[in-house]
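The file model_37.txt contains compact mmCIF, C-alpha atoms:
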```txt
# COMPACT_ATOMS: atom_id res chain seq x y z
CA GLY N 1 0.00 0.00 0.00
CA ARG N 2 3.00 2.34 0.29
CA LEU N 3 4.04 1.93 -3.32
CA PRO N 4 3.48 4.84 -5.73
CA ARG N 5 0.44 4.63 -8.00
CA THR N 6 -0.74 6.39 -11.12
CA TYR N 7 -3.42 9.05 -11.07
CA ALA N 8 -4.65 11.46 -13.74
CA VAL N 9 -4.24 15.22 -13.58
CA ASN N 10 -6.81 16.88 -15.85
CA TYR N 11 -6.64 19.81 -18.26
CA LEU N 12 -9.11 21.55 -20.54
CA SER N 13 -9.09 21.04 -24.28
CA ALA N 14 -7.96 24.22 -26.01
CA VAL N 15 -10.70 23.69 -28.62
CA ALA N 16 -13.74 22.09 -27.03
CA GLY N 17 -13.32 22.62 -23.28
CA SER N 18 -13.40 18.88 -22.59
CA LEU N 19 -11.01 17.16 -20.19
CA VAL N 20 -7.61 15.83 -21.25
CA PRO N 21 -5.94 13.58 -18.63
CA ASP N 22 -2.21 13.36 -17.93
CA THR N 23 -1.15 10.26 -15.97
CA ARG N 24 1.57 10.54 -13.32
CA TRP N 25 2.97 8.57 -10.41
CA PHE N 26 2.28 9.73 -6.85
CA PRO N 27 3.38 8.39 -3.45
CA ASN N 28 0.42 6.80 -1.72
CA ASP N 29 0.17 9.27 1.16
CA HIS N 30 -1.45 12.72 1.42
CA LEU N 31 -2.91 11.99 -2.00
CA SER N 32 -5.58 14.68 -2.03
CA THR N 33 -2.95 17.32 -1.30
CA ARG N 34 -0.42 15.93 -3.78
CA LEU N 35 -3.01 15.73 -6.55
CA ALA N 36 -4.35 19.23 -5.92
CA ALA N 37 -0.81 20.66 -5.90
CA ALA N 38 -0.08 18.95 -9.21
CA GLN N 39 -3.33 20.20 -10.67
CA ILE N 40 -2.67 23.87 -9.95
CA ALA N 41 0.90 23.70 -11.32
CA GLU N 42 1.75 24.59 -14.93
CA VAL N 43 0.81 22.42 -17.91
CA PRO N 44 3.45 19.78 -18.79
CA ALA N 45 5.64 20.46 -21.83
CA TYR N 46 4.10 17.77 -24.05
CA LEU N 47 0.66 19.42 -23.70
CA LYS N 48 1.68 23.10 -23.92
CA ARG N 49 -0.71 25.12 -26.12
CA ALA N 50 -2.69 21.95 -26.86
CA VAL N 51 -4.65 22.23 -23.61
CA SER N 52 -5.35 25.00 -21.13
CA THR N 53 -5.66 25.32 -17.39
CA ALA N 54 -8.06 27.56 -15.49
CA PHE N 55 -5.56 28.25 -12.70
CA PRO N 56 -3.59 31.53 -12.60
CA ALA N 57 0.21 31.39 -12.53
CA ASP N 58 0.32 32.42 -8.85
CA ALA N 59 -2.18 29.82 -7.62
CA SER N 60 -1.17 27.86 -4.52
CA LEU N 61 -2.70 25.89 -1.67
CA ARG N 62 -3.45 28.48 1.02
CA VAL N 63 -2.96 26.20 4.02
CA GLY N 64 -0.62 23.72 2.36
CA SER N 65 -3.04 20.80 2.41
CA VAL N 66 -6.46 19.58 1.27
CA THR N 67 -8.86 18.44 3.95
CA VAL N 68 -11.20 15.48 3.41
CA ALA N 69 -14.12 15.05 5.83
CA ASP N 70 -17.28 13.02 5.29
CA SER N 71 -16.18 12.32 1.68
CA LEU N 72 -15.94 16.08 0.96
CA ALA N 73 -12.57 17.42 -0.22
CA THR N 74 -12.12 21.12 0.54
CA VAL N 75 -9.46 22.85 -1.54
CA ASP N 76 -8.55 26.29 -0.17
CA LEU N 77 -6.47 28.32 -2.64
CA SER N 78 -4.65 31.61 -2.85
CA GLY N 79 -3.90 33.54 -6.01
CA THR N 80 -5.22 36.09 -8.47
CA PHE N 81 -8.31 34.31 -9.78
CA SER N 82 -10.17 35.81 -12.70
CA PRO N 83 -13.82 36.88 -12.27
CA ASP N 84 -14.57 35.13 -15.59
CA SER N 85 -17.26 32.52 -14.86
CA LYS N 86 -15.92 30.11 -17.49
CA LEU N 87 -12.49 30.05 -15.86
CA ARG N 88 -13.97 29.65 -12.38
CA ARG N 89 -16.08 26.72 -13.54
CA GLY N 90 -12.90 25.32 -15.09
CA VAL N 91 -11.12 25.47 -11.71
CA TRP N 92 -13.91 23.47 -10.09
CA THR N 93 -14.06 21.02 -13.01
CA GLN N 94 -10.34 20.29 -13.12
CA LEU N 95 -10.08 19.75 -9.36
CA ALA N 96 -13.23 17.62 -9.28
CA ALA N 97 -12.07 15.45 -12.20
CA THR N 98 -8.74 14.81 -10.47
CA LEU N 99 -9.77 14.42 -6.82
CA LEU N 100 -12.93 12.37 -7.39
CA ARG N 101 -10.72 9.47 -8.50
CA LEU N 102 -9.76 9.00 -4.85
CA PRO N 103 -11.79 6.31 -3.07
CA ASP N 104 -12.60 8.53 -0.07
CA VAL N 105 -13.70 11.59 -2.07
CA TYR N 106 -17.26 11.88 -3.43
CA ARG N 107 -17.64 15.67 -3.54
CA VAL N 108 -15.31 18.65 -3.96
CA THR N 109 -15.60 22.29 -2.92
CA VAL N 110 -13.20 25.07 -3.92
CA GLN N 111 -12.35 28.14 -1.85
CA VAL N 112 -10.06 31.13 -2.32
CA ASP N 113 -8.73 32.64 0.90
CA GLY N 114 -11.43 30.86 2.87
CA SER N 115 -14.41 31.90 0.76
CA VAL N 116 -16.16 29.76 -1.85
CA LEU N 117 -14.95 30.43 -5.41
CA ASP N 118 -18.33 31.31 -6.84
CA PHE N 119 -19.66 31.55 -10.39
CA PRO N 120 -23.15 31.85 -11.96
CA GLY N 121 -24.88 28.48 -12.01
CA ARG N 122 -22.58 26.91 -9.41
CA PRO N 123 -24.31 23.95 -7.68
CA THR N 124 -25.53 25.13 -4.28
CA SER N 125 -25.08 21.78 -2.55
CA ASN N 126 -22.20 21.31 -0.13
CA GLY N 127 -19.64 20.14 -2.68
CA SER N 128 -19.95 19.17 -6.31
CA THR N 129 -19.49 16.16 -8.56
CA LEU N 130 -18.53 16.24 -12.24
CA ALA N 131 -22.16 15.69 -13.16
CA ASP N 132 -23.13 18.75 -11.08
CA LEU N 133 -20.61 20.79 -13.09
CA GLY N 134 -21.86 19.48 -16.43
CA ALA N 135 -18.60 17.71 -17.18
CA ASP N 136 -18.92 14.02 -16.42
CA GLY N 137 -16.04 13.25 -18.78
CA GLU N 138 -17.94 10.71 -20.84
CA ARG N 139 -17.30 10.73 -24.60
CA ALA N 140 -19.30 9.22 -27.40
CA PRO N 141 -17.82 5.81 -28.25
CA ALA N 142 -16.12 5.18 -31.56
CA GLY N 143 -18.16 3.67 -34.37
CA LEU N 144 -18.36 -0.01 -35.14
CA PRO N 145 -15.07 -1.64 -36.27
CA VAL N 146 -14.45 -2.14 -39.99
CA PHE N 147 -12.46 -4.90 -41.64
CA ARG N 148 -11.80 -5.89 -45.23
CA THR N 149 -11.86 -9.14 -47.14
CA GLY N 150 -10.58 -8.59 -50.64
CA SER N 151 -12.21 -5.41 -51.90
CA THR N 152 -15.18 -5.55 -49.50
CA LEU N 153 -15.37 -3.45 -46.32
CA ARG N 154 -17.76 -4.52 -43.59
CA GLN N 155 -18.76 -3.22 -40.18
CA VAL N 156 -18.85 -5.80 -37.41
CA ASP N 157 -20.14 -5.92 -33.85
CA LEU N 158 -17.67 -8.05 -31.91
CA ALA N 159 -19.52 -7.60 -28.62
CA ALA N 160 -22.68 -9.10 -30.06
CA SER N 161 -21.19 -11.91 -32.12
CA GLY N 162 -17.73 -12.68 -30.76
CA GLY N 163 -16.52 -12.92 -34.35
CA LEU N 164 -16.35 -11.07 -37.64
CA THR N 165 -20.10 -11.10 -38.23
CA THR N 166 -21.38 -8.27 -40.40
CA VAL N 167 -23.87 -5.91 -38.79
CA ALA N 168 -27.29 -6.42 -40.32
CA PRO N 169 -28.18 -3.68 -42.84
CA ASP N 170 -31.57 -3.14 -41.18
CA SER N 171 -30.01 -2.55 -37.75
CA GLY N 172 -29.49 1.14 -38.49
CA ALA N 173 -25.80 0.87 -37.54
CA GLN N 174 -24.49 -0.34 -40.88
CA LYS N 175 -22.94 2.32 -43.11
CA SER N 176 -22.54 2.19 -46.87
CA LEU N 177 -18.82 1.53 -47.32
CA PRO N 178 -17.03 1.64 -50.69
CA SER N 179 -15.47 -1.26 -52.56
CA ILE N 180 -11.70 -0.70 -52.61
CA ASP N 181 -9.14 -2.48 -54.75
CA PRO N 182 -6.98 -4.77 -52.56
CA THR N 183 -3.80 -3.07 -53.78
CA TRP N 184 -4.72 -0.08 -51.62
CA HIS N 185 -3.69 -0.72 -48.04
CA ASP N 186 -3.44 0.80 -44.53
CA LEU N 187 -7.06 1.92 -44.65
CA ALA N 188 -8.54 4.43 -42.21
CA VAL N 189 -12.22 5.24 -41.66
CA SER N 190 -13.61 8.63 -40.65
CA ARG N 191 -15.49 9.12 -37.40
CA ASN N 192 -18.95 8.92 -38.99
CA ALA N 193 -17.83 6.24 -41.48
CA THR N 194 -18.69 8.48 -44.42
CA GLU N 195 -15.26 8.24 -45.99
CA VAL N 196 -12.23 5.98 -46.20
CA ALA N 197 -8.57 6.75 -46.89
CA GLY N 198 -5.75 4.45 -47.96
CA ILE N 199 -2.35 4.45 -49.64
CA ASP N 200 -1.10 2.81 -52.84
CA PRO N 201 1.52 0.02 -52.98
CA ALA N 202 4.35 2.46 -53.76
CA ARG N 203 3.43 4.59 -50.71
CA THR N 204 3.35 7.73 -52.85
CA VAL N 205 -0.40 8.31 -53.34
CA VAL N 206 -3.22 8.79 -50.82
CA GLY N 207 -6.73 7.93 -51.98
CA ARG N 208 -10.00 9.10 -50.45
CA TRP N 209 -13.35 7.45 -51.08
CA VAL N 210 -16.18 9.92 -50.44
CA GLY N 211 -19.81 9.65 -51.52
CA GLY N 212 -19.16 6.81 -53.95
CA HIS N 213 -16.25 8.61 -55.65
CA GLU N 214 -12.50 8.15 -55.42
CA TYR N 215 -10.21 11.16 -55.06
CA GLU N 216 -6.45 11.55 -54.92
CA VAL N 217 -5.15 13.78 -52.14
CA PRO N 218 -2.83 16.52 -53.46
CA LEU N 219 0.40 15.71 -51.62
CA THR N 220 4.00 16.08 -52.71
CA ALA N 221 5.70 13.50 -50.52
CA THR N 222 6.95 9.92 -50.40
CA LEU N 223 7.09 7.08 -47.87
CA ILE N 224 3.50 7.70 -46.83
CA GLY N 225 2.64 5.92 -43.60
CA ARG N 226 -0.62 4.68 -42.14
CA PRO N 227 -3.20 7.55 -42.23
CA ALA N 228 -5.63 8.41 -39.43
CA TYR N 229 -8.74 10.54 -38.99
CA ASP N 230 -9.29 12.59 -35.86
CA VAL N 231 -12.59 13.16 -34.12
CA ARG N 232 -12.74 16.73 -35.43
CA GLY N 233 -12.79 15.65 -39.08
CA TRP N 234 -9.15 16.07 -40.13
CA LEU N 235 -7.26 13.40 -42.05
CA TRP N 236 -3.70 13.00 -40.78
CA LEU N 237 -0.97 11.72 -43.11
CA PRO N 238 2.54 10.65 -42.15
CA ALA N 239 4.81 11.30 -45.16
CA VAL N 240 8.30 12.50 -46.06
CA GLY N 241 8.19 15.92 -47.70
CA ALA N 242 10.92 17.96 -49.37
CA ARG N 243 11.79 19.80 -46.17
CA ALA N 244 13.34 17.78 -43.35
CA GLU N 245 10.66 18.97 -40.93
CA ASP N 246 7.71 18.07 -43.18
CA ARG N 247 6.77 14.70 -41.73
CA LEU N 248 3.09 15.09 -40.78
CA TRP N 249 0.29 16.52 -42.90
CA ALA N 250 -3.40 17.38 -42.40
CA VAL N 251 -6.32 17.38 -44.84
CA ASP N 252 -9.59 19.23 -44.20
CA THR N 253 -12.26 16.64 -44.93
CA ALA N 254 -14.97 19.32 -44.72
CA ALA N 255 -13.61 20.84 -47.95
CA ASP N 256 -14.76 19.66 -51.37
CA PRO N 257 -12.50 16.68 -52.15
CA ALA N 258 -12.60 17.63 -55.83
CA ASP N 259 -11.13 21.07 -55.05
CA ALA N 260 -7.38 20.50 -55.34
CA SER N 261 -6.55 23.67 -53.44
CA ALA N 262 -8.98 23.32 -50.54
CA ALA N 263 -8.48 19.56 -50.09
CA LYS N 264 -4.70 19.44 -50.38
CA ALA N 265 -2.53 18.13 -47.54
CA ARG N 266 -0.83 20.87 -45.55
CA PRO N 267 2.25 20.29 -43.38
CA ILE N 268 2.07 20.32 -39.58
CA GLU N 269 5.03 22.00 -37.88
CA VAL N 270 6.91 19.35 -35.89
CA PRO N 271 10.62 20.27 -35.57
CA TRP N 272 11.41 17.26 -33.38
CA LEU N 273 10.47 14.92 -36.25
CA SER N 274 12.98 16.57 -38.61
CA GLY N 275 14.78 13.95 -40.71
CA ARG N 276 12.76 11.04 -39.33
CA VAL N 277 10.20 8.78 -41.03
CA VAL N 278 6.75 8.50 -39.45
CA THR N 279 5.21 5.08 -40.00
CA ALA N 280 2.00 5.25 -37.95
CA ILE N 281 -0.09 7.67 -35.90
CA SER N 282 -3.21 7.50 -33.75
CA LEU N 283 -5.43 10.08 -32.04
CA PRO N 284 -7.66 9.58 -28.98
CA LEU N 285 -11.24 10.80 -28.76
CA ASP N 286 -10.26 14.16 -27.26
CA GLY N 287 -8.44 15.00 -30.51
CA GLN N 288 -5.86 17.01 -28.57
CA ARG N 289 -3.01 14.48 -28.54
CA VAL N 290 -1.39 12.23 -31.09
CA ALA N 291 0.69 9.07 -30.69
CA VAL N 292 3.51 8.89 -33.24
CA ILE N 293 5.78 6.04 -34.29
CA SER N 294 8.88 7.20 -36.14
CA THR N 295 12.22 5.73 -37.20
CA ASP N 296 15.47 6.95 -38.63
CA GLY N 297 16.00 6.89 -42.40
CA ALA N 298 17.09 3.24 -42.28
CA GLY N 299 13.94 2.12 -40.45
CA ARG N 300 15.73 1.64 -37.13
CA GLY N 301 15.87 3.56 -33.87
CA ALA N 302 12.11 3.53 -33.48
CA ARG N 303 10.42 5.96 -31.12
CA LEU N 304 6.93 5.93 -29.67
CA ASP N 305 5.99 9.49 -28.68
CA VAL N 306 2.87 11.32 -27.55
CA ALA N 307 2.47 15.07 -28.06
CA GLY N 308 -0.27 17.64 -27.72
CA VAL N 309 -1.96 18.92 -30.88
CA VAL N 310 -1.81 22.70 -31.27
CA ARG N 311 -4.64 23.91 -33.51
CA ASP N 312 -5.28 27.26 -35.16
CA GLN N 313 -8.52 29.21 -34.83
CA ALA N 314 -10.13 27.11 -37.57
CA GLY N 315 -9.31 23.90 -35.69
CA ARG N 316 -6.60 22.87 -38.18
CA PRO N 317 -3.69 20.93 -36.66
CA ALA N 318 -0.91 23.54 -36.92
CA SER N 319 1.90 22.08 -34.81
CA LEU N 320 2.75 19.59 -32.07
CA ALA N 321 4.05 20.29 -28.58
CA ALA N 322 7.26 18.73 -27.28
CA PRO N 323 7.21 14.91 -27.31
CA LEU N 324 6.68 12.60 -24.34
CA ARG N 325 8.50 9.35 -25.09
CA LEU N 326 6.69 6.15 -24.15
CA GLY N 327 7.67 2.51 -23.99
CA PRO N 328 11.02 0.78 -23.96
CA GLN N 329 13.95 1.46 -26.25
CA LEU N 330 12.57 0.02 -29.48
CA ASP N 331 14.61 -1.28 -32.39
CA ARG N 332 11.58 -1.33 -34.71
CA ALA N 333 7.90 -0.41 -34.45
CA ILE N 334 5.13 -0.69 -37.03
CA ASP N 335 1.76 0.42 -35.62
CA VAL N 336 0.08 2.23 -32.72
CA SER N 337 -3.47 2.74 -31.43
CA TRP N 338 -4.93 4.38 -28.32
CA THR N 339 -6.54 1.86 -25.97
CA ASP N 340 -8.10 4.60 -23.83
CA GLU N 341 -7.30 8.20 -22.91
CA THR N 342 -4.18 7.31 -20.91
CA ALA N 343 -2.50 4.44 -22.78
CA VAL N 344 -1.58 3.23 -26.27
CA ALA N 345 -1.03 -0.20 -27.80
CA ALA N 346 1.80 -0.72 -30.27
CA LEU N 347 3.58 -3.38 -32.27
CA GLY N 348 7.30 -3.19 -31.65
CA VAL N 349 10.65 -4.93 -31.29
CA ALA N 350 12.55 -4.22 -28.08
CA GLY N 351 15.86 -5.75 -29.23
CA THR N 352 17.80 -6.63 -32.36
CA GLY N 353 16.73 -9.95 -33.83
CA GLN N 354 13.67 -10.31 -31.65
CA ALA N 355 10.10 -10.74 -32.93
CA VAL N 356 7.55 -7.96 -33.19
CA VAL N 357 5.18 -8.21 -30.20
CA PRO N 358 2.12 -6.27 -29.04
CA LEU N 359 2.66 -3.99 -26.04
CA VAL N 360 0.61 -1.51 -24.04
CA ALA N 361 2.35 1.67 -22.82
CA SER N 362 0.72 4.14 -20.44
CA LEU N 363 1.35 7.87 -20.18
CA GLY N 364 2.65 7.10 -16.70
CA GLY N 365 5.55 5.14 -18.19
CA ASP N 366 4.70 1.53 -17.38
CA VAL N 367 4.73 -1.05 -20.21
CA ALA N 368 2.91 -4.38 -20.43
CA MET N 369 4.25 -6.81 -23.04
CA GLN N 370 1.58 -9.04 -24.56
CA SER N 371 1.76 -12.62 -25.83
CA PRO N 372 3.64 -12.81 -29.15
CA VAL N 373 1.82 -12.98 -32.50
CA THR N 374 3.29 -14.40 -35.69
CA ALA N 375 3.92 -11.68 -38.31
CA PRO N 376 1.57 -8.96 -36.96
CA THR N 377 0.83 -6.02 -39.26
CA SER N 378 -1.59 -3.77 -37.34
CA ILE N 379 -3.07 -3.33 -33.87
CA GLY N 380 -6.28 -1.74 -32.61
CA THR N 381 -8.89 -2.11 -29.92
CA THR N 382 -12.64 -2.28 -29.63
CA GLY N 383 -12.76 -1.02 -26.06
CA GLY N 384 -9.51 -0.97 -24.09
CA ALA N 385 -6.37 -2.95 -23.39
CA ARG N 386 -8.43 -6.10 -22.78
CA ASP N 387 -10.02 -5.88 -26.23
CA LEU N 388 -6.97 -5.68 -28.49
CA VAL N 389 -7.27 -6.83 -32.10
CA VAL N 390 -4.24 -7.69 -34.24
CA THR N 391 -4.07 -8.49 -37.95
CA THR N 392 -1.29 -10.57 -39.49
CA SER N 393 0.48 -10.74 -42.84
CA SER N 394 -1.35 -14.01 -43.56
CA GLY N 395 -4.76 -12.29 -43.31
CA ARG N 396 -5.73 -13.50 -39.84
CA VAL N 397 -7.69 -11.26 -37.47
CA LEU N 398 -6.84 -12.11 -33.86
CA ALA N 399 -8.43 -10.91 -30.62
CA ARG N 400 -6.92 -11.01 -27.17
CA SER N 401 -8.51 -13.70 -25.02
CA GLY N 402 -6.92 -13.64 -21.58
CA THR N 403 -3.22 -14.27 -22.15
CA VAL N 404 -3.63 -15.84 -25.60
CA TRP N 405 -4.91 -14.76 -29.02
CA SER N 406 -7.97 -16.31 -30.64
CA GLU N 407 -8.77 -16.06 -34.34
CA LEU N 408 -11.90 -14.10 -35.24
CA GLY N 409 -11.69 -14.81 -38.96
CA LYS N 410 -9.86 -13.91 -42.13
CA GLY N 411 -9.43 -10.31 -43.20
CA THR N 412 -7.16 -7.28 -43.37
CA ASP N 413 -7.20 -3.58 -42.49
CA PHE N 414 -9.11 -3.96 -39.26
CA THR N 415 -9.80 -0.41 -38.07
CA VAL N 416 -12.10 1.55 -35.79
CA PRO N 417 -13.60 4.80 -37.19
CA ALA N 418 -11.50 7.83 -36.16
CA ASP N 419 -9.56 5.63 -33.75
```

Any chance you could give the structure as C-alpha cells?
Amino acid sequence: GRLPRTYAVNYLSAVAGSLVPDTRWFPNDHLSTRLAAAQIAEVPAYLKRAVSTAFPADASLRVGSVTVADSLATVDLSGTFSPDSKLRRGVWTQLAATLLRLPDVYRVTVQVDGSVLDFPGRPTSNGSTLADLGADGERAPAGLPVFRTGSTLRQVDLAASGGLTTVAPDSGAQKSLPSIDPTWHDLAVSRNATEVAGIDPARTVVGRWVGGHEYEVPLTATLIGRPAYDVRGWLWLPAVGARAEDRLWAVDTAADPADASAAKARPIEVPWLSGRVVTAISLPLDGQRVAVISTDGAGRGARLDVAGVVRDQAGRPASLAAPLRLGPQLDRAIDVSWTDETAVAALGVAGTGQAVVPLVASLGGDVAMQSPVTAPTSIGTTGGARDLVVTTSSGRVLARSGTVWSELGKGTDFTVPAD
C-alpha cells in the first residue's frame, strides 16, 4: 500500500473545453494534497498550447493541504483568480475530475482565501461532482469496427457476435462503405464512417473514397505511412516531404474533395520529427493528442511518442508540442493505437533480432508486453487494453482472449472509425 500509484491530472481542451488527462505517479500518502498541488501547477511540456488550465500562474494551496471530511474534499487556494465565470467553472471542473478518482472523495468544494470560489450556475449543494458541473467526462464511443476481405469493407459488432459477423443492414448501424481495390492498403475510416482513406503500394499516393467517388489527395511527398482521422474531421498523413521537418500533414475533410486547393494536404510544424520517417499515428477521442511512431532513415531507432496537438482558430492541426516518449527502447515499431485516454497499444521490437510483439504503454511510463503474435501487421482495440485486435500478414484477425490470441476470422485492415 505504500508503493506509488498512477493518477490522472486533468486539463481543458484548447478547442472544445473537454477534459484531457495526464497520468503521473504519486506516493500513496497525502494523495488529495499531492493531486491538488499537481493540478494547480503549470501544464506539462508535451501538452503546452494543446490544452489550457483555469488556474492563474500564482495559484497555490493556502494552508498547504487539502482536507477530506465526510467524503468532501475542501481545496482552499490563494492567487489572483479571474472573475470570468468560465475560468472559475474550469477550476472546479479540473479539481473535481482529479480528486474524485480517490476512493474517499465523493464531492469537492473550492475556496479562495477561505471563501467559496463562486460563479453563476454553481451547484448550491455542499460540494460538487462532475455531473453537477456538467462535465462528467464521458465521450461518445467510436463507431463499429471495420475490416476488409478482398475489396469488400464490412462493419462488425464483436460484442454481439464474438466474431467477424457483419452488422445487419436493417439494424441502423451499418454504413454504406465503398469497394476498394486490394492493392490499396493501410485503410482508415472517418469518425462517422462516411469516408475511407488508404495508400497505394508504392506509398506515394493517398486515396480518399467519399460519396461513392475516389479522389487523390494533393500531396508532394513519399514514404507515406498509415493515415488516421481525428474526431474533429481532419485526415492526418505521415509522409516524407521535401523539407526535413515536413513529416506530418493534415487534410480538411470538410472541404470539397474535388477542389485540389482546398483539399490538399498541408504540413504540420513538428521540428522534433525533422529527418525522421513517421510510419504510424493515432489520435484519442479528445483529438488534442497524437501518438507517433517514427524511425530513422534506415527504419531503425524507433520511437513511440505522444504530443499535444496545437490547432489554429479554424481547428486545423498547426503544430505539435514537445514529445513525451513512451515505452522501452525500441529497435523497430510498425503500428500504434490508443486503448483509452491514458495508454496506447503498439507493435514493436525491443531488441535486435527479436520478434515484433504487441505492447501496451501508459502515459505514466509503465509497459505491459503481450503474448507474441506471428507476423503482426496492425493493432487496434474495440474497447480498451483487454479488447486488443491484431491483424497478421497471412490475413488472420486475432483478438486477445486472456493471455492468448484467438482467431476471429480472415481479413485485413481492421480499423475503428476515427480511432

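With distances restricted to all atoms listed in the file, N:Arg148 is the closest residue to Thr391 of chain N from N:Arg303, N:Lys48, N:Arg62, N:Arg148.
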
Would you work out the distance separating atom CA of Ala193 of chain N from atom CA of Val373 of chain N, expressed in Å to one decimal? 28.9 Å

Top pick for closest residue to Asn28 of chain N, considering N:Val146, N:Leu3, N:Val389, N:Leu102 and counting all atoms listed in the file: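 Under the stated criterion, the closest residue is N:Leu3.
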
Nearest to Ala368 of chain N, chosen from N:Val309, N:Leu326, N:Leu12, N:Val390, with all atoms listed in the file counted in the distances: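 Under the stated criterion, the closest residue is N:Leu326.
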
When distances are computed from all atoms listed in the file, which of N:Gln111, N:Ser319, N:Gln370, N:Ser401 shows the smallest separation from Gly79 of chain N?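 The closest residue to Gly79 of chain N is N:Gln111.
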
I need the residue nearest Val277 of chain N from this list: N:Pro328, N:Pro317, N:Ile334, N:Trp234. Use all atoms listed in the file for the distance.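 The answer is N:Ile334, which sits nearest to Val277 of chain N.
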
Show me the residues close to (-7.8, 32.9, -1.0) - anything with an atom within 8 Å, counting all atoms listed in the file - and format the list as a list in words.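 Neighbouring residues, ordered by chain and number, come to Arg62, Asp76, Leu77, Ser78, Gly79, Gln111, Val112, Asp113, Gly114 and Ser115 of chain N.
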
What would the list of residues within 9 Å of (-11.3, 0.2, -48.4) (file frame) look like as a short mmCIF file (atom, residue, chain, number, x, y, z; two decimals) with C-alpha atoms, keeping the file's coordinate frame, if all atoms listed in the file are what count?
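To be explicit, this is the file written out as out_25.cif:
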```cif
data_model
loop_
_atom_site.label_atom_id
_atom_site.label_comp_id
_atom_site.auth_asym_id
_atom_site.auth_seq_id
_atom_site.Cartn_x
_atom_site.Cartn_y
_atom_site.Cartn_z
CA PHE N 147 -12.46 -4.90 -41.64
CA ARG N 148 -11.80 -5.89 -45.23
CA SER N 151 -12.21 -5.41 -51.90
CA THR N 152 -15.18 -5.55 -49.50
CA LEU N 153 -15.37 -3.45 -46.32
CA LEU N 177 -18.82 1.53 -47.32
CA PRO N 178 -17.03 1.64 -50.69
CA SER N 179 -15.47 -1.26 -52.56
CA ILE N 180 -11.70 -0.70 -52.61
CA ASP N 181 -9.14 -2.48 -54.75
CA PRO N 182 -6.98 -4.77 -52.56
CA TRP N 184 -4.72 -0.08 -51.62
CA HIS N 185 -3.69 -0.72 -48.04
CA ASP N 186 -3.44 0.80 -44.53
CA LEU N 187 -7.06 1.92 -44.65
CA ALA N 188 -8.54 4.43 -42.21
CA VAL N 189 -12.22 5.24 -41.66
CA VAL N 196 -12.23 5.98 -46.20
CA ALA N 197 -8.57 6.75 -46.89
CA GLY N 198 -5.75 4.45 -47.96
CA TRP N 209 -13.35 7.45 -51.08
CA ASP N 413 -7.20 -3.58 -42.49
#
```

Of the listed residues N:Gly127, N:Gly364, N:Gly384, N:Gly395, that which approaches Phe414 of chain N most closely, counting only C-alpha atoms: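 Among the listed residues, N:Gly395 lies closest to Phe414 of chain N.
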
Just the number, please: distance in Å from atom CA of Arg24 of chain N to atom CA of Val357 of chain N, one decimal. 25.5 Å

As a ChimeraX atom specification, please: the residues near segment 296-301 of chain N (cut-off 12 Å, all atoms listed in the file, same-chain neighbours under 4 positions excluded). /N:223,240,244,273-279,328-334,348-352

For the selection just defined, write its residues with C-alpha atoms to a file, as a tab-separated table (two decimals), in the coordinates of the input.
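Wrote part-v3.tsv, looks like this:
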```tsv
chain	number	residue	atom	x	y	z
N	223	LEU	CA	7.09	7.08	-47.87
N	240	VAL	CA	8.30	12.50	-46.06
N	244	ALA	CA	13.34	17.78	-43.35
N	273	LEU	CA	10.47	14.92	-36.25
N	274	SER	CA	12.98	16.57	-38.61
N	275	GLY	CA	14.78	13.95	-40.71
N	276	ARG	CA	12.76	11.04	-39.33
N	277	VAL	CA	10.20	8.78	-41.03
N	278	VAL	CA	6.75	8.50	-39.45
N	279	THR	CA	5.21	5.08	-40.00
N	328	PRO	CA	11.02	0.78	-23.96
N	329	GLN	CA	13.95	1.46	-26.25
N	330	LEU	CA	12.57	0.02	-29.48
N	331	ASP	CA	14.61	-1.28	-32.39
N	332	ARG	CA	11.58	-1.33	-34.71
N	333	ALA	CA	7.90	-0.41	-34.45
N	334	ILE	CA	5.13	-0.69	-37.03
N	348	GLY	CA	7.30	-3.19	-31.65
N	349	VAL	CA	10.65	-4.93	-31.29
N	350	ALA	CA	12.55	-4.22	-28.08
N	351	GLY	CA	15.86	-5.75	-29.23
N	352	THR	CA	17.80	-6.63	-32.36
```

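Interatomic distance, atom CA of Val91 of chain N to atom CA of Gly134 of chain N: 13.2 Å.
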
Find the residues around Arg325 of chain N up to 10 Å (only C-alpha atoms counted), leave out those fewer than 3 positions away in its own chain, and share them as a CSV table (one decimal) with C-alpha atoms, keeping the file's coordinate frame.
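Dumped everything to around.csv:
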```csv
chain,number,residue,atom,x,y,z
N,46,TYR,CA,4.1,17.8,-24.0
N,291,ALA,CA,0.7,9.1,-30.7
N,292,VAL,CA,3.5,8.9,-33.2
N,303,ARG,CA,10.4,6.0,-31.1
N,304,LEU,CA,6.9,5.9,-29.7
N,305,ASP,CA,6.0,9.5,-28.7
N,306,VAL,CA,2.9,11.3,-27.6
N,307,ALA,CA,2.5,15.1,-28.1
N,322,ALA,CA,7.3,18.7,-27.3
N,328,PRO,CA,11.0,0.8,-24.0
N,329,GLN,CA,14.0,1.5,-26.2
N,363,LEU,CA,1.4,7.9,-20.2
N,365,GLY,CA,5.6,5.1,-18.2
```

Exercise: segment 246-252 of chain N partners within 8 Å, all atoms listed in the file, chain neighbours under 2 positions left out, as a PyMOL selection string: chain N and resi 233-244+254-255+262-270+273-274+276-278+316-317

Which polymer residues have any atom within 12 Å of an atom of Ser282 of chain N, counting only C-alpha atoms, with same-chain residues fewer than 6 positions away left out, as a VMD selection string? chain N and resid 188 225 to 231 235 to 238 288 to 293 304 to 307 309 335 to 341 343 to 346 378 to 381 415 to 419
